[in-house]
Structures are given as C-alpha cells and as structure tokens.
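Source file run19.cif; content: mmCIF, C-alpha atoms and all ligand atoms; chains and numbers go by the auth columns.
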```
data_structure
loop_
_atom_site.group_PDB
_atom_site.id
_atom_site.type_symbol
_atom_site.label_atom_id
_atom_site.label_comp_id
_atom_site.label_asym_id
_atom_site.label_seq_id
_atom_site.Cartn_x
_atom_site.Cartn_y
_atom_site.Cartn_z
_atom_site.B_iso_or_equiv
_atom_site.auth_seq_id
_atom_site.auth_asym_id
ATOM 1 C CA MET A 1 22.077 5.597 -0.595 0.00 1 A
ATOM 2 C CA SER A 2 21.365 6.954 2.853 0.00 2 A
ATOM 3 C CA ASP A 3 20.869 4.657 5.793 0.00 3 A
ATOM 4 C CA LEU A 4 17.198 3.797 6.229 0.00 4 A
ATOM 5 C CA SER A 5 17.624 2.707 9.829 0.00 5 A
ATOM 6 C CA ASP A 6 16.832 6.155 11.223 0.00 6 A
ATOM 7 C CA LEU A 7 13.388 5.793 9.711 0.00 7 A
ATOM 8 C CA TYR A 8 12.626 2.673 11.647 0.00 8 A
ATOM 9 C CA GLN A 9 12.433 4.292 14.988 0.00 9 A
ATOM 10 C CA GLU A 10 10.981 2.488 17.939 0.00 10 A
ATOM 11 C CA VAL A 11 7.442 3.860 17.482 0.00 11 A
ATOM 12 C CA ILE A 12 7.327 2.725 13.864 0.00 12 A
ATOM 13 C CA LEU A 13 8.605 -0.743 14.732 0.00 13 A
ATOM 14 C CA ASP A 14 6.109 -1.032 17.563 0.00 14 A
ATOM 15 C CA HIS A 15 3.124 0.010 15.419 0.00 15 A
ATOM 16 C CA ASN A 16 4.260 -2.323 12.654 0.00 16 A
ATOM 17 C CA ARG A 17 4.523 -5.279 15.029 0.00 17 A
ATOM 18 C CA ARG A 18 1.316 -4.519 16.905 0.00 18 A
ATOM 19 C CA PRO A 19 -0.847 -2.352 14.631 0.00 19 A
ATOM 20 C CA ARG A 20 -3.671 -0.552 16.453 0.00 20 A
ATOM 21 C CA ASN A 21 -7.223 -0.792 15.132 0.00 21 A
ATOM 22 C CA PHE A 22 -6.238 -3.621 12.772 0.00 22 A
ATOM 23 C CA ARG A 23 -9.655 -5.051 11.902 0.00 23 A
ATOM 24 C CA ARG A 24 -12.716 -4.351 9.812 0.00 24 A
ATOM 25 C CA ILE A 25 -15.800 -2.417 10.945 0.00 25 A
ATOM 26 C CA ASP A 26 -18.892 -4.107 9.549 0.00 26 A
ATOM 27 C CA PRO A 27 -21.190 -2.466 8.779 0.00 27 A
ATOM 28 C CA ALA A 28 -19.232 0.762 8.336 0.00 28 A
ATOM 29 C CA SER A 29 -20.598 4.177 7.402 0.00 29 A
ATOM 30 C CA HIS A 30 -17.523 5.004 5.283 0.00 30 A
ATOM 31 C CA HIS A 31 -14.851 2.913 3.592 0.00 31 A
ATOM 32 C CA ALA A 32 -12.085 3.199 1.021 0.00 32 A
ATOM 33 C CA ASP A 33 -9.272 1.090 -0.352 0.00 33 A
ATOM 34 C CA GLY A 34 -5.825 2.588 -0.826 0.00 34 A
ATOM 35 C CA TYR A 35 -3.038 1.306 -3.052 0.00 35 A
ATOM 36 C CA ASN A 36 0.532 2.450 -3.458 0.00 36 A
ATOM 37 C CA PRO A 37 1.793 0.662 -6.607 0.00 37 A
ATOM 38 C CA LEU A 38 5.316 1.994 -6.117 0.00 38 A
ATOM 39 C CA CYS A 39 5.807 -0.178 -3.031 0.00 39 A
ATOM 40 C CA GLY A 40 2.845 -2.573 -3.221 0.00 40 A
ATOM 41 C CA ASP A 41 1.186 -1.249 -0.056 0.00 41 A
ATOM 42 C CA LYS A 42 -2.534 -2.017 0.132 0.00 42 A
ATOM 43 C CA LEU A 43 -4.991 -1.045 2.788 0.00 43 A
ATOM 44 C CA SER A 44 -8.676 -1.152 3.386 0.00 44 A
ATOM 45 C CA LEU A 45 -10.085 1.473 5.706 0.00 45 A
ATOM 46 C CA THR A 46 -13.470 1.356 7.427 0.00 46 A
ATOM 47 C CA LEU A 47 -15.022 4.085 9.576 0.00 47 A
ATOM 48 C CA GLN A 48 -18.080 4.623 11.671 0.00 48 A
ATOM 49 C CA VAL A 49 -18.992 8.312 11.571 0.00 49 A
ATOM 50 C CA ASP A 50 -21.745 9.433 13.945 0.00 50 A
ATOM 51 C CA GLY A 51 -22.977 13.017 14.081 0.00 51 A
ATOM 52 C CA GLY A 52 -19.873 14.440 12.402 0.00 52 A
ATOM 53 C CA SER A 53 -17.445 12.546 14.637 0.00 53 A
ATOM 54 C CA ILE A 54 -15.297 9.529 13.903 0.00 54 A
ATOM 55 C CA ALA A 55 -16.653 7.093 16.476 0.00 55 A
ATOM 56 C CA ASP A 56 -14.523 4.231 15.201 0.00 56 A
ATOM 57 C CA VAL A 57 -11.895 3.645 12.542 0.00 57 A
ATOM 58 C CA ALA A 58 -10.042 0.497 11.522 0.00 58 A
ATOM 59 C CA PHE A 59 -7.775 -0.788 8.770 0.00 59 A
ATOM 60 C CA GLU A 60 -6.681 -4.038 7.198 0.00 60 A
ATOM 61 C CA GLY A 61 -4.100 -4.728 4.563 0.00 61 A
ATOM 62 C CA SER A 62 -0.520 -5.530 3.835 0.00 62 A
ATOM 63 C CA GLY A 63 2.493 -3.431 3.073 0.00 63 A
ATOM 64 C CA CYS A 64 5.855 -2.235 4.263 0.00 64 A
ATOM 65 C CA ALA A 65 6.574 -1.267 7.867 0.00 65 A
ATOM 66 C CA ILE A 66 6.179 2.453 7.129 0.00 66 A
ATOM 67 C CA SER A 67 2.753 2.113 5.514 0.00 67 A
ATOM 68 C CA LYS A 68 1.449 -0.164 8.243 0.00 68 A
ATOM 69 C CA ALA A 69 2.815 1.941 11.096 0.00 69 A
ATOM 70 C CA SER A 70 1.451 5.083 9.473 0.00 70 A
ATOM 71 C CA ALA A 71 -2.018 3.530 9.145 0.00 71 A
ATOM 72 C CA SER A 72 -1.886 2.431 12.774 0.00 72 A
ATOM 73 C CA LEU A 73 -0.788 5.902 13.948 0.00 73 A
ATOM 74 C CA MET A 74 -3.401 7.578 11.721 0.00 74 A
ATOM 75 C CA THR A 75 -6.289 5.526 13.125 0.00 75 A
ATOM 76 C CA ASP A 76 -5.115 6.308 16.674 0.00 76 A
ATOM 77 C CA ALA A 77 -4.860 10.015 15.825 0.00 77 A
ATOM 78 C CA VAL A 78 -8.314 10.485 14.253 0.00 78 A
ATOM 79 C CA LYS A 79 -10.405 8.190 16.439 0.00 79 A
ATOM 80 C CA GLY A 80 -12.841 10.298 18.465 0.00 80 A
ATOM 81 C CA LYS A 81 -12.070 13.427 16.423 0.00 81 A
ATOM 82 C CA SER A 82 -14.600 15.349 14.367 0.00 82 A
ATOM 83 C CA VAL A 83 -14.500 14.907 10.592 0.00 83 A
ATOM 84 C CA ASP A 84 -13.311 18.520 10.292 0.00 84 A
ATOM 85 C CA GLU A 85 -10.452 17.883 12.752 0.00 85 A
ATOM 86 C CA ALA A 86 -9.485 14.738 10.826 0.00 86 A
ATOM 87 C CA ARG A 87 -9.392 16.688 7.546 0.00 87 A
ATOM 88 C CA SER A 88 -7.211 19.322 9.187 0.00 88 A
ATOM 89 C CA LEU A 89 -4.865 16.605 10.518 0.00 89 A
ATOM 90 C CA PHE A 90 -4.633 15.237 6.964 0.00 90 A
ATOM 91 C CA GLU A 91 -3.534 18.685 5.714 0.00 91 A
ATOM 92 C CA ARG A 92 -0.986 19.083 8.509 0.00 92 A
ATOM 93 C CA PHE A 93 0.416 15.574 8.038 0.00 93 A
ATOM 94 C CA HIS A 94 0.643 16.068 4.278 0.00 94 A
ATOM 95 C CA ARG A 95 2.490 19.353 4.794 0.00 95 A
ATOM 96 C CA MET A 96 4.870 17.709 7.291 0.00 96 A
ATOM 97 C CA VAL A 97 5.938 14.872 4.960 0.00 97 A
ATOM 98 C CA THR A 98 6.193 17.049 1.842 0.00 98 A
ATOM 99 C CA THR A 99 8.289 19.852 3.392 0.00 99 A
ATOM 100 C CA PRO A 100 11.909 19.677 2.170 0.00 100 A
ATOM 101 C CA PRO A 101 14.107 17.868 4.742 0.00 101 A
ATOM 102 C CA ASP A 102 16.241 20.951 5.436 0.00 102 A
ATOM 103 C CA LEU A 103 13.245 23.000 6.604 0.00 103 A
ATOM 104 C CA PRO A 104 11.621 22.828 10.039 0.00 104 A
ATOM 105 C CA VAL A 105 8.191 21.205 10.407 0.00 105 A
ATOM 106 C CA GLU A 106 5.380 21.429 12.931 0.00 106 A
ATOM 107 C CA ASP A 107 5.585 19.076 15.913 0.00 107 A
ATOM 108 C CA MET A 108 2.732 16.612 15.455 0.00 108 A
ATOM 109 C CA GLY A 109 3.419 14.515 18.539 0.00 109 A
ATOM 110 C CA LYS A 110 3.641 10.786 17.794 0.00 110 A
ATOM 111 C CA LEU A 111 2.954 11.440 14.121 0.00 111 A
ATOM 112 C CA SER A 112 6.255 13.322 13.959 0.00 112 A
ATOM 113 C CA VAL A 113 8.189 10.033 13.847 0.00 113 A
ATOM 114 C CA LEU A 114 7.116 9.885 10.208 0.00 114 A
ATOM 115 C CA ALA A 115 8.702 13.259 9.387 0.00 115 A
ATOM 116 C CA GLY A 116 11.870 11.235 8.662 0.00 116 A
ATOM 117 C CA VAL A 117 10.377 9.981 5.388 0.00 117 A
ATOM 118 C CA ARG A 118 11.084 13.405 3.892 0.00 118 A
ATOM 119 C CA GLU A 119 14.636 12.174 3.321 0.00 119 A
ATOM 120 C CA PHE A 120 13.290 9.345 1.175 0.00 120 A
ATOM 121 C CA PRO A 121 10.837 10.553 -1.503 0.00 121 A
ATOM 122 C CA VAL A 122 9.689 7.009 -2.343 0.00 122 A
ATOM 123 C CA ARG A 123 8.725 6.461 1.286 0.00 123 A
ATOM 124 C CA VAL A 124 6.561 9.588 1.414 0.00 124 A
ATOM 125 C CA LYS A 125 3.912 7.656 -0.521 0.00 125 A
ATOM 126 C CA CYS A 126 4.106 4.779 1.960 0.00 126 A
ATOM 127 C CA ALA A 127 3.590 7.188 4.872 0.00 127 A
ATOM 128 C CA SER A 128 0.828 9.155 3.134 0.00 128 A
ATOM 129 C CA LEU A 129 -1.232 6.209 1.875 0.00 129 A
ATOM 130 C CA ALA A 130 -3.359 5.806 5.005 0.00 130 A
ATOM 131 C CA TRP A 131 -4.092 9.537 5.070 0.00 131 A
ATOM 132 C CA HIS A 132 -5.076 9.679 1.396 0.00 132 A
ATOM 133 C CA THR A 133 -7.303 6.669 1.989 0.00 133 A
ATOM 134 C CA LEU A 134 -8.897 8.426 4.963 0.00 134 A
ATOM 135 C CA LYS A 135 -9.611 11.480 2.837 0.00 135 A
ATOM 136 C CA ALA A 136 -11.073 9.278 0.075 0.00 136 A
ATOM 137 C CA ALA A 137 -13.358 7.552 2.586 0.00 137 A
ATOM 138 C CA LEU A 138 -14.560 10.876 4.012 0.00 138 A
ATOM 139 C CA ASP A 139 -15.083 12.187 0.453 0.00 139 A
ATOM 140 C CA ARG A 140 -17.033 9.010 -0.355 0.00 140 A
ATOM 141 C CA LYS A 141 -14.553 7.802 -2.934 0.00 141 A
ATOM 142 C CA ALA A 142 -14.228 4.042 -2.890 0.00 142 A
ATOM 143 C CA ALA A 143 -10.603 3.774 -3.947 0.00 143 A
ATOM 144 C CA VAL A 144 -7.453 5.839 -4.128 0.00 144 A
ATOM 145 C CA SER A 145 -4.024 5.232 -5.611 0.00 145 A
ATOM 146 C CA THR A 146 -0.904 7.230 -4.832 0.00 146 A
ATOM 147 C CA GLU A 147 -0.033 7.256 -8.555 0.00 147 A
HETATM 148 ZN ZN ZN B . 5.590 1.041 1.378 0.00 201 A
#
```
Would you mind writing the file out in structure tokens?
Amino acid sequence: MSDLSDLYQEVILDHNRRPRNFRRIDPASHHADGYNPLCGDKLSLTLQVDGGSIADVAFEGSGCAISKASASLMTDAVKGKSVDEARSLFERFHRMVTTPPDLPVEDMGKLSVLAGVREFPVRVKCASLAWHTLKAALDRKAAVSTE
C-alpha cells in the first residue's frame, strides 16, 4: 500500500477544513445530488445560472477530505464561468484524473493538486464526484452515482 500522505497536500487540507461555497442556494436554477457508494461521499449541489453563465454555485454534504476539497475547488473554479466553459473544465479534469500516473497531464492550476489521485484508483471517484454532480445538474439530472 502506497503512502496516502502525498495526496493530502496543503491545498486539499485547507479546502477540507474551510470549504468554499459550502451552503445551499435557494431557490436555485439547477441542482443535483451526487453519491459515491464506494467511499460514502454525498453531496448536494445547487447553482444559479443566468444567461448561460454560472452566477453562483454552492455545495453541501459529507464525505472524505478528497471529495470535500474537490467540491470546494470545483465550485471556486466554475463560479463566474459560462456553462460551456464549465463543461470543458469537467472534460479536462476528468482527463487529468483518469490519465495513467506515469503519463504527463495538463497543468490545471489549483485543480492540479488532485492529479495525485491517479495513483489511487478508489480515490479517483472521490475526486470526480463533484464534477459528475456538476454535469448532472447542468444536464438537468437530479441525481448521479459514481457506480
Ligand atoms: Zn471519498
């Protein structure tokens, strides 16, 4: 078993301790619930989309440090972006965490701290949950599971 400590870099610990956008938008224009049964991570995502842009985005829920930090980083990354930009970020993030660990990946700024999950296949689902939930919300699906 490899050492997990490299995963818990400072940014992840910080976002886990003080998650950004940790609340509920009510009323919200879009929402979805995400569940990762493998780890027990649950999150509820609410968005306010105005004129094709994500004016506000927030999440609530409980889960491991990776899932919570990823949700916090995701909301920070897509807030103020257009829906198209957010979808493109989803694709890039998904590619980053599913590229084999021995291959180089695109630098995604702060989001790159999560590239370390590639070493731990189980953790990829924790890191991806918020992004799959975002996609579900934008696609008007009420719920998504990583299984
Ligand atoms: Zn997890």
Please expand the PyMOL selection byres (((chain A and resi 25-39) around 7) and not hetatm) into the concrete residues it hits in this file, giving the result as a PDB file with C-alpha atoms, in the coordinates of the input.
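Once everything was written out, this is expr-v5.pdb:
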```pdb
ATOM      1  CA  ARG A  23      -9.655  -5.051  11.902  1.00  0.00           C
ATOM      2  CA  ARG A  24     -12.716  -4.351   9.812  1.00  0.00           C
ATOM      3  CA  GLY A  40       2.845  -2.573  -3.221  1.00  0.00           C
ATOM      4  CA  ASP A  41       1.186  -1.249  -0.056  1.00  0.00           C
ATOM      5  CA  LYS A  42      -2.534  -2.017   0.132  1.00  0.00           C
ATOM      6  CA  LEU A  43      -4.991  -1.045   2.788  1.00  0.00           C
ATOM      7  CA  SER A  44      -8.676  -1.152   3.386  1.00  0.00           C
ATOM      8  CA  LEU A  45     -10.085   1.473   5.706  1.00  0.00           C
ATOM      9  CA  THR A  46     -13.470   1.356   7.427  1.00  0.00           C
ATOM     10  CA  LEU A  47     -15.022   4.085   9.576  1.00  0.00           C
ATOM     11  CA  GLN A  48     -18.080   4.623  11.671  1.00  0.00           C
ATOM     12  CA  VAL A  49     -18.992   8.312  11.571  1.00  0.00           C
ATOM     13  CA  ALA A  58     -10.042   0.497  11.522  1.00  0.00           C
ATOM     14  CA  LYS A 125       3.912   7.656  -0.521  1.00  0.00           C
ATOM     15  CA  CYS A 126       4.106   4.779   1.960  1.00  0.00           C
ATOM     16  CA  LEU A 129      -1.232   6.209   1.875  1.00  0.00           C
ATOM     17  CA  THR A 133      -7.303   6.669   1.989  1.00  0.00           C
ATOM     18  CA  ALA A 136     -11.073   9.278   0.075  1.00  0.00           C
ATOM     19  CA  ALA A 137     -13.358   7.552   2.586  1.00  0.00           C
ATOM     20  CA  LEU A 138     -14.560  10.876   4.012  1.00  0.00           C
ATOM     21  CA  ARG A 140     -17.033   9.010  -0.355  1.00  0.00           C
ATOM     22  CA  LYS A 141     -14.553   7.802  -2.934  1.00  0.00           C
ATOM     23  CA  ALA A 142     -14.228   4.042  -2.890  1.00  0.00           C
ATOM     24  CA  ALA A 143     -10.603   3.774  -3.947  1.00  0.00           C
ATOM     25  CA  VAL A 144      -7.453   5.839  -4.128  1.00  0.00           C
ATOM     26  CA  SER A 145      -4.024   5.232  -5.611  1.00  0.00           C
ATOM     27  CA  THR A 146      -0.904   7.230  -4.832  1.00  0.00           C
TER      28      THR A 146
END
```
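Proximity to ligand ZN 201 (chain A) was assessed for A:Asp76, A:Gly63, A:Ala71, A:Met96 counting all atoms listed in the file; the smallest distance is recorded for A:Gly63.
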Check your understanding: What gap, in Å, lies between atom CA of A:Cys64 and atom CA of A:Asn16?
Key ->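 If I compute the distance from atom CA of A:Cys64 to atom CA of A:Asn16, I get 8.5 Å.
Closest approach to ligand ZN 201 (chain A) from the set A:Leu73, A:Val11, A:Val122, A:Val78 is made by A:Val122, with distances taken over all atoms listed in the file.
Selection check: the PyMOL selection byres (((chain A and resi 77) around 10) and not hetatm) on the shown file gives Ala71, Ser72, Leu73, Met74, Thr75, Asp76, Val78, Lys79, Gly80, Lys81, Ala86, Leu89, Gly109, Lys110 and Leu111 of chain A.
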May I have the residues from that selection written out with C-alpha atoms, as a PDB file, keeping the file's coordinate frame?
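Result file follows (again.pdb):
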```pdb
ATOM      1  CA  ALA A  71      -2.018   3.530   9.145  1.00  0.00           C
ATOM      2  CA  SER A  72      -1.886   2.431  12.774  1.00  0.00           C
ATOM      3  CA  LEU A  73      -0.788   5.902  13.948  1.00  0.00           C
ATOM      4  CA  MET A  74      -3.401   7.578  11.721  1.00  0.00           C
ATOM      5  CA  THR A  75      -6.289   5.526  13.125  1.00  0.00           C
ATOM      6  CA  ASP A  76      -5.115   6.308  16.674  1.00  0.00           C
ATOM      7  CA  VAL A  78      -8.314  10.485  14.253  1.00  0.00           C
ATOM      8  CA  LYS A  79     -10.405   8.190  16.439  1.00  0.00           C
ATOM      9  CA  GLY A  80     -12.841  10.298  18.465  1.00  0.00           C
ATOM     10  CA  LYS A  81     -12.070  13.427  16.423  1.00  0.00           C
ATOM     11  CA  ALA A  86      -9.485  14.738  10.826  1.00  0.00           C
ATOM     12  CA  LEU A  89      -4.865  16.605  10.518  1.00  0.00           C
ATOM     13  CA  GLY A 109       3.419  14.515  18.539  1.00  0.00           C
ATOM     14  CA  LYS A 110       3.641  10.786  17.794  1.00  0.00           C
ATOM     15  CA  LEU A 111       2.954  11.440  14.121  1.00  0.00           C
TER      16      LEU A 111
END
```
**Study point:** Evaluate the PyMOL selection byres (((chain A and resi 124) around 12) and not hetatm) and report residues as a ChimeraX atom specification
**Key:** /A:7,36,38-39,66-67,70,93-101,114-123,125-132,146
Point to revise | From A:Gly52, A:Ala65, A:Arg20, A:Leu13, residue lying nearest ligand ZN 201 (chain A) [all atoms listed in the file] | key: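 Checking each candidate against ligand ZN 201 (chain A), we get A:Ala65 as the closest.
You will find atom CA of A:Asp139 at 10.1 Å from atom CA of A:Arg87.
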Review point. Can you tell me how far atom CA of A:Ser53 sits from atom CA of A:Val83, in Å to one decimal?
Key: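 Spanning atom CA of A:Ser53 to atom CA of A:Val83 is a straight-line distance of 5.5 Å.
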